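Chemist: For reference, this is input-v7.cif, and it has mmCIF, C-alpha atoms.
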```
data_run
loop_
_atom_site.group_PDB
_atom_site.id
_atom_site.type_symbol
_atom_site.label_atom_id
_atom_site.label_comp_id
_atom_site.auth_asym_id
_atom_site.auth_seq_id
_atom_site.Cartn_x
_atom_site.Cartn_y
_atom_site.Cartn_z
ATOM 1 C CA MET A 51 0.000 0.000 0.000
ATOM 2 C CA ALA A 52 2.817 2.425 0.890
ATOM 3 C CA TYR A 53 4.455 1.867 -2.509
ATOM 4 C CA ILE A 54 1.146 2.516 -4.284
ATOM 5 C CA ILE A 55 0.668 5.741 -2.298
ATOM 6 C CA VAL A 56 4.147 6.918 -3.324
ATOM 7 C CA VAL A 57 3.509 6.174 -7.007
ATOM 8 C CA PHE A 58 0.057 7.787 -6.932
ATOM 9 C CA CYS A 59 1.500 10.881 -5.216
ATOM 10 C CA ILE A 60 4.179 11.131 -7.903
ATOM 11 C CA LEU A 61 1.401 11.002 -10.499
ATOM 12 C CA GLY A 62 -0.436 13.668 -8.495
ATOM 13 C CA ILE A 63 2.611 15.937 -8.466
ATOM 14 C CA ILE A 64 3.089 15.514 -12.201
ATOM 15 C CA GLN A 65 -0.601 16.188 -12.801
ATOM 16 C CA GLY A 66 -0.531 19.271 -10.580
ATOM 17 C CA VAL A 67 2.514 20.742 -12.289
ATOM 18 C CA THR A 68 1.723 19.837 -15.883
ATOM 19 C CA GLU A 69 -2.019 20.600 -15.827
ATOM 20 C CA PHE A 70 -1.302 24.327 -15.748
ATOM 21 C CA PHE A 71 2.279 24.619 -16.940
ATOM 22 C CA PRO A 72 2.114 24.454 -20.765
ATOM 23 C CA VAL A 73 3.879 21.099 -20.994
ATOM 24 C CA SER A 74 0.910 18.678 -21.369
ATOM 25 C CA SER A 75 -0.277 16.707 -18.350
ATOM 26 C CA SER A 76 -1.709 13.892 -20.489
ATOM 27 C CA GLY A 77 1.574 13.541 -22.355
ATOM 28 C CA HIS A 78 3.649 13.335 -19.177
ATOM 29 C CA LEU A 79 1.315 10.895 -17.454
ATOM 30 C CA SER A 80 1.242 8.741 -20.579
ATOM 31 C CA LEU A 81 5.043 8.602 -20.712
ATOM 32 C CA LEU A 82 5.299 7.956 -16.979
ATOM 33 C CA GLU A 83 2.897 5.037 -17.195
ATOM 34 C CA ALA A 84 5.210 3.543 -19.826
ATOM 35 C CA VAL A 85 7.920 3.256 -17.145
ATOM 36 C CA PRO A 86 8.079 -0.453 -16.152
ATOM 37 C CA GLN A 87 7.802 0.150 -12.374
ATOM 38 C CA VAL A 88 4.760 2.364 -12.784
ATOM 39 C CA ASN A 89 3.253 0.124 -15.439
ATOM 40 C CA ALA A 90 3.607 -2.863 -13.085
ATOM 41 C CA ILE A 91 1.216 -1.192 -10.668
ATOM 42 C CA PHE A 92 -1.212 -0.102 -13.357
ATOM 43 C CA GLY A 93 -1.006 -3.474 -15.048
ATOM 44 C CA ALA A 94 -2.285 -5.046 -11.866
ATOM 45 C CA THR A 95 -4.930 -2.362 -11.436
ATOM 46 C CA ASP A 96 -8.360 -2.791 -12.961
ATOM 47 C CA THR A 97 -9.839 -0.215 -15.344
ATOM 48 C CA SER A 98 -12.205 1.202 -12.736
ATOM 49 C CA ALA A 99 -9.348 1.999 -10.369
ATOM 50 C CA LYS A 100 -7.394 3.716 -13.154
ATOM 51 C CA LEU A 101 -10.409 5.820 -14.057
ATOM 52 C CA PHE A 102 -10.982 6.557 -10.373
ATOM 53 C CA LEU A 103 -7.437 7.940 -10.097
ATOM 54 C CA ASN A 104 -7.695 9.891 -13.354
ATOM 55 C CA VAL A 105 -10.968 11.545 -12.319
ATOM 56 C CA ALA A 106 -9.640 12.340 -8.833
ATOM 57 C CA LEU A 107 -6.454 13.979 -10.135
ATOM 58 C CA HIS A 108 -8.422 16.156 -12.539
ATOM 59 C CA MET A 109 -10.833 17.131 -9.783
ATOM 60 C CA GLY A 110 -7.850 18.229 -7.691
ATOM 61 C CA SER A 111 -6.780 20.487 -10.560
ATOM 62 C CA LEU A 112 -10.337 21.781 -10.959
ATOM 63 C CA VAL A 113 -10.605 22.774 -7.309
ATOM 64 C CA ALA A 114 -7.268 24.611 -7.613
ATOM 65 C CA ILE A 115 -8.631 26.739 -10.480
ATOM 66 C CA ILE A 116 -11.806 27.552 -8.565
ATOM 67 C CA ILE A 117 -9.864 28.592 -5.460
ATOM 68 C CA PHE A 118 -7.345 30.683 -7.412
ATOM 69 C CA TYR A 119 -9.967 32.519 -9.476
ATOM 70 C CA TYR A 120 -12.664 32.491 -6.794
ATOM 71 C CA ASN A 121 -13.225 36.262 -6.780
ATOM 72 C CA ASP A 122 -13.327 36.426 -10.592
ATOM 73 C CA ILE A 123 -15.791 33.534 -10.737
ATOM 74 C CA ILE A 124 -18.104 35.061 -8.115
ATOM 75 C CA LYS A 125 -17.953 38.438 -9.849
ATOM 76 C CA LEU A 126 -18.670 36.843 -13.229
ATOM 77 C CA VAL A 127 -21.587 34.690 -12.023
ATOM 78 C CA THR A 128 -23.281 37.356 -9.898
ATOM 79 C CA GLY A 129 -22.733 39.998 -12.581
ATOM 80 C CA ALA A 130 -24.181 37.804 -15.331
ATOM 81 C CA ILE A 131 -27.217 36.906 -13.190
ATOM 82 C CA ALA A 132 -27.822 40.578 -12.396
ATOM 83 C CA GLU A 133 -27.594 41.520 -16.069
ATOM 84 C CA MET A 134 -30.014 38.776 -17.091
ATOM 85 C CA ARG A 135 -32.513 39.851 -14.460
ATOM 86 C CA LYS A 136 -32.377 43.386 -15.823
ATOM 87 C CA LYS A 137 -32.486 41.996 -19.368
ATOM 88 C CA HIS A 138 -29.385 44.034 -20.034
ATOM 89 C CA TYR A 139 -26.723 41.759 -21.482
ATOM 90 C CA GLY A 140 -23.507 43.551 -20.670
ATOM 91 C CA THR A 141 -19.864 42.608 -20.199
ATOM 92 C CA HIS A 142 -20.464 39.841 -17.646
ATOM 93 C CA CYS A 143 -22.945 37.994 -19.862
ATOM 94 C CA LYS A 144 -20.620 38.454 -22.822
ATOM 95 C CA PHE A 145 -17.675 37.033 -20.865
ATOM 96 C CA ALA A 146 -19.723 34.045 -19.656
ATOM 97 C CA SER A 147 -21.046 33.413 -23.173
ATOM 98 C CA ASN A 148 -17.522 33.475 -24.584
ATOM 99 C CA ILE A 149 -16.416 30.822 -22.089
ATOM 100 C CA ILE A 150 -19.311 28.591 -23.151
ATOM 101 C CA ILE A 151 -18.644 29.195 -26.856
ATOM 102 C CA ALA A 152 -14.934 28.465 -26.415
ATOM 103 C CA SER A 153 -15.772 25.152 -24.711
ATOM 104 C CA ILE A 154 -17.894 23.815 -27.574
ATOM 105 C CA PRO A 155 -15.151 22.728 -30.034
ATOM 106 C CA ALA A 156 -13.292 20.677 -27.416
ATOM 107 C CA ALA A 157 -16.528 19.055 -26.269
ATOM 108 C CA LEU A 158 -17.529 18.067 -29.808
ATOM 109 C CA ILE A 159 -14.091 16.796 -30.804
ATOM 110 C CA GLY A 160 -13.614 15.050 -27.466
ATOM 111 C CA LEU A 161 -16.845 13.107 -27.867
ATOM 112 C CA SER A 162 -16.155 12.326 -31.531
ATOM 113 C CA PHE A 163 -12.523 11.259 -31.262
ATOM 114 C CA ASN A 164 -12.345 9.846 -27.741
ATOM 115 C CA ASP A 165 -11.377 6.361 -28.966
ATOM 116 C CA PHE A 166 -8.576 7.737 -31.140
ATOM 117 C CA VAL A 167 -7.194 9.778 -28.251
ATOM 118 C CA GLU A 168 -7.211 6.767 -25.928
ATOM 119 C CA LYS A 169 -5.240 4.785 -28.516
ATOM 120 C CA SER A 170 -2.775 7.633 -29.138
ATOM 121 C CA ILE A 171 -2.046 7.864 -25.408
ATOM 122 C CA SER A 172 -0.642 4.334 -25.590
ATOM 123 C CA SER A 173 1.911 5.403 -28.233
ATOM 124 C CA PRO A 174 4.964 7.004 -26.554
ATOM 125 C CA VAL A 175 6.442 7.830 -29.958
ATOM 126 C CA LEU A 176 3.375 9.856 -30.943
ATOM 127 C CA VAL A 177 3.293 11.602 -27.558
ATOM 128 C CA ALA A 178 6.990 12.492 -27.868
ATOM 129 C CA GLY A 179 6.457 13.922 -31.339
ATOM 130 C CA LEU A 180 3.552 16.034 -30.130
ATOM 131 C CA LEU A 181 5.627 17.319 -27.194
ATOM 132 C CA ILE A 182 8.168 18.597 -29.724
ATOM 133 C CA ILE A 183 5.401 20.319 -31.700
ATOM 134 C CA ASN A 184 4.086 21.780 -28.452
ATOM 135 C CA GLY A 185 7.524 23.216 -27.713
ATOM 136 C CA ILE A 186 7.811 24.815 -31.144
ATOM 137 C CA MET A 187 4.399 26.466 -30.638
ATOM 138 C CA LEU A 188 5.427 27.880 -27.266
ATOM 139 C CA ILE A 189 8.722 29.253 -28.548
ATOM 140 C CA ALA A 190 6.972 30.852 -31.521
ATOM 141 C CA SER A 191 4.352 32.427 -29.227
ATOM 142 C CA ASN A 192 7.061 34.384 -27.453
ATOM 143 C CA THR A 193 7.503 36.471 -30.605
ATOM 144 C CA LEU A 194 3.870 37.626 -30.600
ATOM 145 C CA PRO A 195 3.420 41.330 -29.809
ATOM 146 C CA LYS A 196 1.803 42.095 -26.455
ATOM 147 C CA LYS A 197 -1.638 43.635 -26.690
ATOM 148 C CA SER A 198 -4.033 44.961 -24.064
ATOM 149 C CA ARG A 199 -7.475 43.499 -24.795
ATOM 150 C CA LYS A 200 -9.500 42.301 -21.792
ATOM 151 C CA CYS A 201 -11.548 39.095 -21.686
ATOM 152 C CA GLU A 202 -14.775 41.125 -21.624
ATOM 153 C CA GLU A 203 -13.818 42.720 -24.940
ATOM 154 C CA MET A 204 -13.585 39.460 -26.882
ATOM 155 C CA GLY A 205 -16.005 38.742 -29.681
ATOM 156 C CA ILE A 206 -17.718 35.452 -30.529
ATOM 157 C CA LEU A 207 -15.294 34.584 -33.339
ATOM 158 C CA GLN A 208 -12.315 35.304 -31.109
ATOM 159 C CA ALA A 209 -13.715 33.053 -28.387
ATOM 160 C CA LEU A 210 -14.319 30.350 -30.977
ATOM 161 C CA LEU A 211 -10.716 30.644 -32.156
ATOM 162 C CA VAL A 212 -9.437 30.041 -28.610
ATOM 163 C CA GLY A 213 -11.856 27.108 -28.408
ATOM 164 C CA LEU A 214 -10.353 25.585 -31.535
ATOM 165 C CA PHE A 215 -6.895 25.846 -29.979
ATOM 166 C CA GLN A 216 -8.280 24.039 -26.952
ATOM 167 C CA ALA A 217 -9.736 21.319 -29.168
ATOM 168 C CA VAL A 218 -6.290 20.651 -30.668
ATOM 169 C CA ALA A 219 -4.991 20.077 -27.144
ATOM 170 C CA ILE A 220 -7.096 16.933 -26.840
ATOM 171 C CA LEU A 221 -4.022 15.222 -28.297
ATOM 172 C CA PRO A 222 -1.648 13.952 -25.581
ATOM 173 C CA GLY A 223 1.535 16.001 -25.812
ATOM 174 C CA ILE A 224 -0.182 19.253 -26.776
ATOM 175 C CA SER A 225 -0.730 21.432 -23.719
ATOM 176 C CA ARG A 226 -4.277 22.675 -23.158
ATOM 177 C CA SER A 227 -3.134 25.701 -21.186
ATOM 178 C CA GLY A 228 -0.348 26.489 -23.638
ATOM 179 C CA SER A 229 -2.483 26.232 -26.758
ATOM 180 C CA THR A 230 -5.381 28.257 -25.315
ATOM 181 C CA ILE A 231 -3.048 30.968 -24.000
ATOM 182 C CA ILE A 232 -1.501 31.160 -27.471
ATOM 183 C CA GLY A 233 -4.996 31.374 -28.948
ATOM 184 C CA GLY A 234 -5.834 34.176 -26.528
ATOM 185 C CA LEU A 235 -2.670 36.069 -27.435
ATOM 186 C CA LEU A 236 -3.547 35.767 -31.131
ATOM 187 C CA THR A 237 -6.941 37.370 -30.430
ATOM 188 C CA GLY A 238 -5.221 40.334 -28.798
ATOM 189 C CA LEU A 239 -5.652 39.484 -25.127
ATOM 190 C CA GLU A 240 -2.941 40.754 -22.826
ATOM 191 C CA PRO A 241 -0.911 37.821 -21.423
ATOM 192 C CA GLU A 242 -2.509 37.713 -17.957
ATOM 193 C CA GLU A 243 -5.974 38.000 -19.470
ATOM 194 C CA ALA A 244 -5.150 35.172 -21.888
ATOM 195 C CA GLY A 245 -4.170 33.071 -18.876
ATOM 196 C CA LYS A 246 -7.359 33.944 -17.011
ATOM 197 C CA PHE A 247 -9.561 33.082 -19.979
ATOM 198 C CA SER A 248 -7.632 29.846 -20.516
ATOM 199 C CA PHE A 249 -8.111 28.650 -16.960
ATOM 200 C CA LEU A 250 -11.711 29.809 -16.559
ATOM 201 C CA MET A 251 -12.683 27.996 -19.761
ATOM 202 C CA ALA A 252 -10.909 24.935 -18.356
ATOM 203 C CA ILE A 253 -13.551 24.647 -15.623
ATOM 204 C CA PRO A 254 -16.389 23.300 -17.820
ATOM 205 C CA VAL A 255 -13.936 21.200 -19.855
ATOM 206 C CA ILE A 256 -12.314 19.510 -16.849
ATOM 207 C CA ALA A 257 -15.661 19.099 -15.099
ATOM 208 C CA GLY A 258 -17.237 17.649 -18.245
ATOM 209 C CA ALA A 259 -14.330 15.274 -18.841
ATOM 210 C CA GLY A 260 -14.477 14.155 -15.218
ATOM 211 C CA LEU A 261 -18.205 13.517 -15.478
ATOM 212 C CA LEU A 262 -17.740 11.593 -18.718
ATOM 213 C CA GLU A 263 -15.013 9.413 -17.194
ATOM 214 C CA SER A 264 -16.909 8.890 -13.928
ATOM 215 C CA ARG A 265 -19.775 7.309 -15.858
ATOM 216 C CA LYS A 266 -17.377 4.496 -16.792
ATOM 217 C CA LEU A 267 -16.476 3.772 -13.179
ATOM 218 C CA GLY A 268 -17.309 0.319 -11.958
ATOM 219 C CA THR A 269 -17.833 -0.747 -8.380
ATOM 220 C CA ILE A 270 -15.420 -3.671 -8.294
ATOM 221 C CA ASN A 271 -11.966 -2.982 -6.860
ATOM 222 C CA ALA A 272 -12.014 0.775 -7.638
ATOM 223 C CA PHE A 273 -12.517 1.830 -4.040
ATOM 224 C CA GLU A 274 -9.832 -0.477 -2.731
ATOM 225 C CA PHE A 275 -7.523 2.361 -3.768
ATOM 226 C CA ALA A 276 -9.600 5.068 -2.073
ATOM 227 C CA ILE A 277 -6.930 6.136 0.445
ATOM 228 C CA PRO A 278 -4.033 6.412 -2.071
ATOM 229 C CA VAL A 279 -6.297 8.188 -4.552
ATOM 230 C CA VAL A 280 -7.577 10.731 -2.007
ATOM 231 C CA ILE A 281 -3.996 11.456 -0.883
ATOM 232 C CA ALA A 282 -2.904 11.854 -4.507
ATOM 233 C CA MET A 283 -5.848 14.177 -5.141
ATOM 234 C CA ALA A 284 -4.813 16.388 -2.213
ATOM 235 C CA VAL A 285 -1.232 16.466 -3.495
ATOM 236 C CA THR A 286 -2.489 17.421 -6.952
ATOM 237 C CA PHE A 287 -4.539 20.287 -5.518
ATOM 238 C CA ILE A 288 -1.621 21.755 -3.539
ATOM 239 C CA VAL A 289 0.888 21.441 -6.380
ATOM 240 C CA ALA A 290 -1.620 22.681 -8.985
ATOM 241 C CA LEU A 291 -2.419 25.790 -6.943
ATOM 242 C CA ALA A 292 1.272 26.628 -6.561
ATOM 243 C CA SER A 293 1.904 25.972 -10.268
ATOM 244 C CA LEU A 294 -1.011 28.177 -11.269
ATOM 245 C CA LYS A 295 0.299 31.076 -9.172
ATOM 246 C CA LEU A 296 3.769 30.712 -10.669
ATOM 247 C CA LEU A 297 2.534 30.517 -14.272
ATOM 248 C CA VAL A 298 0.332 33.610 -13.917
ATOM 249 C CA ALA A 299 3.338 35.485 -12.520
ATOM 250 C CA MET A 300 5.470 34.307 -15.467
ATOM 251 C CA LEU A 301 2.828 35.417 -17.965
ATOM 252 C CA LYS A 302 3.507 39.038 -17.025
ATOM 253 C CA SER A 303 6.783 38.729 -18.922
ATOM 254 C CA LEU A 304 5.468 36.116 -21.381
ATOM 255 C CA HIS A 305 8.154 33.514 -20.656
ATOM 256 C CA LEU A 306 6.389 30.601 -22.372
ATOM 257 C CA HIS A 307 9.462 29.801 -24.471
ATOM 258 C CA TYR A 308 11.211 28.252 -21.458
ATOM 259 C CA PHE A 309 8.497 25.607 -21.305
ATOM 260 C CA GLY A 310 8.897 25.138 -25.048
ATOM 261 C CA TYR A 311 12.574 24.270 -24.705
ATOM 262 C CA TYR A 312 11.665 21.795 -21.966
ATOM 263 C CA THR A 313 9.028 19.898 -23.958
ATOM 264 C CA ILE A 314 11.290 19.720 -27.006
ATOM 265 C CA ILE A 315 14.102 18.264 -24.876
ATOM 266 C CA VAL A 316 11.727 15.723 -23.318
ATOM 267 C CA GLY A 317 10.266 14.766 -26.696
ATOM 268 C CA VAL A 318 13.665 14.337 -28.332
ATOM 269 C CA ALA A 319 15.020 12.379 -25.353
ATOM 270 C CA VAL A 320 12.057 9.988 -25.436
ATOM 271 C CA LEU A 321 12.427 9.442 -29.192
ATOM 272 C CA ILE A 322 16.137 8.698 -28.785
ATOM 273 C CA ILE A 323 15.431 6.196 -26.021
ATOM 274 C CA LEU A 324 12.684 4.473 -27.983
ATOM 275 C CA LEU A 325 14.117 4.523 -31.472
ATOM 276 C CA VAL A 326 17.872 4.230 -31.044
#
```
Would you mind giving the structure from this file in structure tokens?

Modeler:
Amino acid sequence: MAYIIVVFCILGIIQGVTEFFPVSSSGHLSLLEAVPQVNAIFGATDTSAKLFLNVALHMGSLVAIIIFYYNDIIKLVTGAIAEMRKKHYGTHCKFASNIIIASIPAALIGLSFNDFVEKSISSPVLVAGLLIINGIMLIASNTLPKKSRKCEEMGILQALLVGLFQAVAILPGISRSGSTIIGGLLTGLEPEEAGKFSFLMAIPVIAGAGLLESRKLGTINAFEFAIPVVIAMAVTFIVALASLKLLVAMLKSLHLHYFGYYTIIVGVAVLIILLV
């Protein structure tokens, strides 16, 4: 049990760091599970337990977003409700609508290509290649000029563009946060605003993905891992909250290229190990 807790906590740390840092959490977890010692545990673990862990780790990340952006979320929700009651659809309703619009592409593609994504996760070579592509995108984004548009000033087409960037990130190895922040920068959002929109639009996506996965949960053996999973979830929450604070601070200077160098190095290293 102690060994399982250690492995699950390592997965939780990786999830917490990579969920918000633009380095792809799904790509890292996929590569980690290919490690023989980790795979030995997961090979002996039934599907329900794996799903249980996956859902729990994502819920830890979700709670971190809600806590970090709590004031923005309350302001957005109460403002949108007040505007709807007055039948005056102002900036709050527009912001909320843009989040919903931006979530649609990922939802549609996720439902349509879920089987393909699950198969691609099992291919370390594909994940490594996508990590390299992810790095190139991040390095290129550092050359984009900084603009000053706020989230409330986005139009429908701009929100849809960010949503399409999020849909691409369904591939393991392509960072959801990185691609959506890049999409936000392309629409003219200032870096911190691009980060805020990216993480607020992650709430329905992560919650929806968690709900979709939880429907597959069985009752046999899954809860035998309840204690390790709950501990790993707590670790994910703490690490994710710290990572989120650090990334938002880094966005002020738009230092995404550092993460790009990292994912390229990881991708190349994995390809060398697997193919040489």

Chemist: Let me know the residues the PyMOL selection byres ((chain A and resi 192-203) around 7) catches in the file above, as a list in words.

Modeler: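 Taken on the displayed file, the PyMOL selection byres ((chain A and resi 192-203) around 7) yields the residues Thr141, Lys144, Phe145, Leu188, Ile189, Ala190, Ser191, Met204, Gly205, Gly238, Leu239, Glu240, Glu243, Phe247, Leu304, His305, Leu306 and His307 of chain A.
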
Chemist: Output the residue selection produced by the PyMOL selection byres ((chain A and resi 228) around 10) on the file above, formatted as a ChimeraX atom specification.

Modeler: /A:69-74,184-185,187-188,191,215-216,219,224-227,229-234,245,248,306,309-310

Chemist: Calculate, to one decimal in Å, the centre and edge lengths of the box along x, y and z of the file that holds all listed atoms of range 313-316 of chain A with 5 Å of margin on each side, and present them as lines of an AutoDock Vina configuration file.

Modeler:
```
center_x = 11.6
center_y = 17.8
center_z = -25.2
size_x = 15.1
size_y = 14.2
size_z = 13.7
```

Chemist: Going by the chain IDs and residue numbers used in this file, which residues fall under the PyMOL selection byres ((chain A and resi 108) around 10)? Write them as a PyMOL selection string.

Modeler: chain A and resi 62+65-66+69+103-107+109-114+256-257+259-260+283+286-287

Chemist: Report, in Å to a single decimal, how far apart CA of Ala157 in chain A and CA of Ser80 in chain A are.

Modeler: 21.3 Å

Chemist: Would you list the residues near (7.8, 13.9, -33.2), meaning any protein, DNA or RNA residue with an atom at most 12 Å from that point in file coordinates, counting only C-alpha atoms, as a list in words?

Modeler: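 Residues satisfying the cut-off, written out: Ser173, Pro174, Val175, Leu176, Val177, Ala178, Gly179, Leu180, Leu181, Ile182, Ile183, Asn184, Gly185, Ile186, Gly223, Ile224, Thr313, Ile314, Ile315, Val316, Gly317, Val318, Ala319, Val320, Leu321, Ile322, Leu324 and Leu325 of chain A.
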
Chemist: Could you jot down the CA of Leu294 in chain A to CA of Asn121 in chain A separation for me, Å, one decimal place?

Modeler: 15.3 Å

Chemist: Please indicate the distance in Å from CA of Pro155 in chain A to CA of Val289 in chain A, rounded to one decimal place.

Modeler: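 CA of Val289 in chain A lies at a distance of 28.6 Å from CA of Pro155 in chain A.
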
Chemist: Could you list, as number ranges by chain, every residue within 10 Å of Phe58 in chain A, counting all atoms listed in the file and ignoring same-chain residues fewer than 6 positions away?

Modeler: A: 52, 64, 88, 91, 103, 107, 275, 278-283, 285-286

Chemist: Can you write out the residues you just picked, keeping C-alpha atoms, as a short mmCIF file (atom, residue, chain, number, x, y, z; two decimals), in the coordinates of the input?

Modeler:
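Final file, result13.cif:
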```cif
data_model
loop_
_atom_site.label_atom_id
_atom_site.label_comp_id
_atom_site.auth_asym_id
_atom_site.auth_seq_id
_atom_site.Cartn_x
_atom_site.Cartn_y
_atom_site.Cartn_z
CA ALA A 52 2.82 2.42 0.89
CA ILE A 64 3.09 15.51 -12.20
CA VAL A 88 4.76 2.36 -12.78
CA ILE A 91 1.22 -1.19 -10.67
CA LEU A 103 -7.44 7.94 -10.10
CA LEU A 107 -6.45 13.98 -10.14
CA PHE A 275 -7.52 2.36 -3.77
CA PRO A 278 -4.03 6.41 -2.07
CA VAL A 279 -6.30 8.19 -4.55
CA VAL A 280 -7.58 10.73 -2.01
CA ILE A 281 -4.00 11.46 -0.88
CA ALA A 282 -2.90 11.85 -4.51
CA MET A 283 -5.85 14.18 -5.14
CA VAL A 285 -1.23 16.47 -3.50
CA THR A 286 -2.49 17.42 -6.95
#
```

Chemist: Working from the structure I just supplied, which lacks atoms in range 242-255 of chain A, can you model N, CA and C atoms there and output them as an mmCIF file, in the coordinates of the input?

Modeler:
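Ended up saving to rebuild-v2.cif:
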```cif
data_model
loop_
_atom_site.group_PDB
_atom_site.id
_atom_site.type_symbol
_atom_site.label_atom_id
_atom_site.label_comp_id
_atom_site.auth_asym_id
_atom_site.auth_seq_id
_atom_site.Cartn_x
_atom_site.Cartn_y
_atom_site.Cartn_z
ATOM 1 N N GLU A 242 -1.816 38.157 -19.169
ATOM 2 C CA GLU A 242 -2.509 37.713 -17.957
ATOM 3 C C GLU A 242 -3.983 37.429 -18.224
ATOM 4 N N GLU A 243 -4.582 38.225 -19.110
ATOM 5 C CA GLU A 243 -5.974 38.000 -19.470
ATOM 6 C C GLU A 243 -6.121 36.704 -20.282
ATOM 7 N N ALA A 244 -5.136 36.429 -21.127
ATOM 8 C CA ALA A 244 -5.150 35.172 -21.888
ATOM 9 C C ALA A 244 -5.078 33.990 -20.937
ATOM 10 N N GLY A 245 -4.257 34.122 -19.885
ATOM 11 C CA GLY A 245 -4.170 33.071 -18.876
ATOM 12 C C GLY A 245 -5.475 32.899 -18.129
ATOM 13 N N LYS A 246 -6.092 34.018 -17.746
ATOM 14 C CA LYS A 246 -7.359 33.944 -17.011
ATOM 15 C C LYS A 246 -8.444 33.293 -17.852
ATOM 16 N N PHE A 247 -8.540 33.684 -19.117
ATOM 17 C CA PHE A 247 -9.561 33.082 -19.979
ATOM 18 C C PHE A 247 -9.290 31.598 -20.176
ATOM 19 N N SER A 248 -8.009 31.245 -20.340
ATOM 20 C CA SER A 248 -7.632 29.846 -20.516
ATOM 21 C C SER A 248 -8.074 28.992 -19.340
ATOM 22 N N PHE A 249 -7.828 29.468 -18.129
ATOM 23 C CA PHE A 249 -8.111 28.650 -16.960
ATOM 24 C C PHE A 249 -9.597 28.676 -16.577
ATOM 25 N N LEU A 250 -10.277 29.786 -16.835
ATOM 26 C CA LEU A 250 -11.711 29.809 -16.559
ATOM 27 C C LEU A 250 -12.459 28.898 -17.539
ATOM 28 N N MET A 251 -12.016 28.872 -18.799
ATOM 29 C CA MET A 251 -12.683 27.996 -19.761
ATOM 30 C C MET A 251 -12.308 26.535 -19.530
ATOM 31 N N ALA A 252 -11.273 26.310 -18.697
ATOM 32 C CA ALA A 252 -10.909 24.935 -18.356
ATOM 33 C C ALA A 252 -11.907 24.320 -17.385
ATOM 34 N N ILE A 253 -12.623 25.155 -16.640
ATOM 35 C CA ILE A 253 -13.551 24.647 -15.623
ATOM 36 C C ILE A 253 -14.618 23.742 -16.239
ATOM 37 N N PRO A 254 -15.386 24.209 -17.240
ATOM 38 C CA PRO A 254 -16.389 23.300 -17.820
ATOM 39 C C PRO A 254 -15.773 22.111 -18.535
ATOM 40 N N VAL A 255 -14.584 22.296 -19.129
ATOM 41 C CA VAL A 255 -13.936 21.200 -19.855
ATOM 42 C C VAL A 255 -13.488 20.105 -18.897
#
```
